[in-house]
Amino acid sequence: MRTLWQHCHAATMAQGSYSVIEDAAIVSNAGLIEWIGRRADVPALEIAHTVDLNGAWVTPGLIDCHTHAVFGGNRSGEFEQRLQGVSYAEIAAQGGGIASTVRATRAASEDELFTSARQRVQALMRDGVTTLEIKSGYGLDLANERKMLRVARRLAEELPLAVRATCLAAHALPPEYAGRADDYIAHICDEMLPALAEEGLVDAVDAFCEHLAFSPAQVERVFIRARELGLPVKLHAEQLSSRHGSSLAARYQALSADHLEFMTEEDAVAMAQAGTVAVLLPGAFYFLRETQLPPMDALRRHGVKIALASDLNPGTSPGLSLRLMLNMGCTLFRMTPEEALAGVTLHAATALGLGDSHGSLEVGKVADFVAWRIARPADLAYWLGGDLPKRVVRKGHEISN
């Protein structure tokens, strides 16, 4: 059914800029954008339905390209510990951190994980999110990683949004492999990834390259196996120290390298040459009270595409608002509102391998967009919290907010 959406202004985000069309109109058909331009130039088409957007600003649907939305348990106690001066590494050494979430996730049923994740994802959707990534990584064995990824697929089936599922089995060392990290990496490569890929549960493979997780050599083994299985890779890199994980990711044409506070200019050059997106996670930076900023000047100088994401997770970024991350990207990382909006639209889509179909308002792309009752696009990064009035369209159909 062809629908004309008119009486609006469009921040199309084509080429990563606002690319504004004043007094715009959009024609959607069969879930895609068939035409977009000035309202005065709408072509002669057979229109089944016309929608007046009452002067709203239309943007692409927001994309949260890094979340850990499926997990069991609660780590607010660790939040209190950190406020009392206990470091993230010390909490992990005490059996907290990721290990505590692993225990809770393993103990939870698939239905329990789905119910809790659905609530968190719906909070993101209320911010205009129409696409998101969900990582596993709190199961750390085949049965529980499968359980998490099945929940991710189920969320996509039962909610009006697109979900990309990423296997992050190389997130932390499970207790049963204590002192045997190489053996666990072998288990991931030889058993977990092949099984999960065969079941169609995996869209990409991620790992955590850090001194308290896995070495670059161990991560490379995971990347090699992912490549053999035809799966793209991503990487948690340079969050707490410089290990040149982002350069490693670039060598394997990773979709993205994420966090990046301690990356070097050399890493930025490698990422730019590979087309690897830098996904910045200001929620974790804020929540952990970090002081080492990502090298924004180097990223800009070398033309690395910069995305923003919530990093929704129970330990270091319990963030339920992607719009809040827009503001944090501006205030903490000195991004412009235009850069921030590109970071949750076009560049976020590229970070998920969806740049050809999502992330901007262009002919042939999926008709996912949000009509905001705001004065200008910068308002999306300006307002702190709250539920901005809007209409959300997913595949050419308006969904309830």
# chains A, B, ... in the order shown; residues from 1 in each chain; ligands from 1

call {"tool": "select_by_dssp", "arguments": {"residues": "stretch 221-387 of chain A", "states": "strand (DSSP E)", "output": "list of chain:residue names"}}
result
A:Lys234, A:Leu235, A:His236, A:Ala237, A:Ser256, A:Ala257, A:Asp258, A:His259, A:Val277, A:Ala278, A:Val279, A:Leu280, A:Ile306, A:Ala307, A:Leu308, A:Phe369, A:Val370, A:Ala371, A:Trp372

call {"tool": "residues_around", "arguments": {"residues": "stretch 62-70 of chain A", "least_positions_apart": "5", "cutoff": "6 Å", "atoms": "only C-alpha atoms", "output": "list in words"}}
result
Ala117, Gly128, Val129, Thr130, Thr131, Leu132, Glu133, Ile134, Lys135, Ala309, Asp311, Leu312, Asn313, Val344, Thr345 and Ala348 of chain A

call {"tool": "write_last_selection", "arguments": {"atoms": "C-alpha atoms", "output": "JSON list (two decimals), in the first residue's frame"}}
result
[["chain", "number", "residue", "atom", "x", "y", "z"],
["A", 117, "ALA", "CA", 14.66, -7.86, 28.00],
["A", 128, "GLY", "CA", 12.45, 6.30, 18.59],
["A", 129, "VAL", "CA", 14.69, 3.23, 18.21],
["A", 130, "THR", "CA", 13.57, 1.03, 15.30],
["A", 131, "THR", "CA", 16.72, -1.12, 14.96],
["A", 132, "LEU", "CA", 19.13, -2.45, 17.54],
["A", 133, "GLU", "CA", 21.86, -4.97, 18.10],
["A", 134, "ILE", "CA", 21.74, -7.45, 20.97],
["A", 135, "LYS", "CA", 24.87, -9.27, 22.07],
["A", 309, "ALA", "CA", 25.20, 3.52, 21.20],
["A", 311, "ASP", "CA", 25.83, -0.09, 25.57],
["A", 312, "LEU", "CA", 22.78, -1.09, 27.61],
["A", 313, "ASN", "CA", 24.11, -3.62, 30.13],
["A", 344, "VAL", "CA", 22.61, 6.80, 15.78],
["A", 345, "THR", "CA", 21.37, 6.67, 12.19],
["A", 348, "ALA", "CA", 25.09, 3.05, 13.36]]

call {"tool": "closest_residue", "arguments": {"among": "A:His358, A:Leu53, A:Gln84, A:Pro314", "to": "A:Thr101", "atoms": "only C-alpha atoms"}}
result
A:Pro314

call {"tool": "residues_around", "arguments": {"residues": "A:Leu149", "least_positions_apart": "5", "cutoff": "7 Å", "atoms": "only C-alpha atoms", "output": "VMD selection string"}}
result
chain A and resid 136 165 201

call {"tool": "residues_around", "arguments": {"residues": "A:Val222", "least_positions_apart": "4", "cutoff": "7 Å", "atoms": "only C-alpha atoms", "output": "PyMOL selection string"}}
result
chain A and resi 189+218+226

call {"tool": "write_last_selection", "arguments": {"atoms": "N, CA and C atoms", "output": "PDB file, in the first residue's frame"}}
result
ATOM      1  N   CYS A 189      35.561 -21.643  19.188  1.00  0.00           N
ATOM      2  CA  CYS A 189      35.835 -21.789  17.760  1.00  0.00           C
ATOM      3  C   CYS A 189      35.383 -23.144  17.208  1.00  0.00           C
ATOM      4  N   GLN A 218      44.295 -14.352  21.097  1.00  0.00           N
ATOM      5  CA  GLN A 218      43.098 -15.173  21.316  1.00  0.00           C
ATOM      6  C   GLN A 218      41.920 -14.638  20.506  1.00  0.00           C
ATOM      7  N   ALA A 226      35.289 -17.032  12.696  1.00  0.00           N
ATOM      8  CA  ALA A 226      34.114 -16.313  12.210  1.00  0.00           C
ATOM      9  C   ALA A 226      34.192 -16.125  10.698  1.00  0.00           C
TER      10      ALA A 226
END

call {"tool": "atom_distance", "arguments": {"atom1": "atom CA of A:Val42", "atom2": "atom CA of A:Arg394"}}
result
21.5 Å

call {"tool": "closest_residue", "arguments": {"among": "A:Thr336, A:Thr350, A:Ser400, A:Thr115", "to": "A:Ala381", "atoms": "only C-alpha atoms"}}
result
A:Thr336

call {"tool": "atom_distance", "arguments": {"atom1": "atom CA of A:Gly95", "atom2": "atom CA of A:Arg243"}}
result
24.2 Å

call {"tool": "residues_around", "arguments": {"residues": "A:Val219", "least_positions_apart": "5", "cutoff": "10 Å", "atoms": "only C-alpha atoms", "output": "VMD selection string"}}
result
chain A and resid 170 185 206 to 210 213 to 214 224 235 245 248 to 249

call {"tool": "atom_distance", "arguments": {"atom1": "atom CA of A:Arg146", "atom2": "atom CA of A:Lys234"}}
result
18.9 Å

call {"tool": "closest_residue", "arguments": {"among": "A:Ala107, A:Ala172, A:Val304, A:Ala25", "to": "A:Glu362", "atoms": "only C-alpha atoms"}}
result
A:Ala25
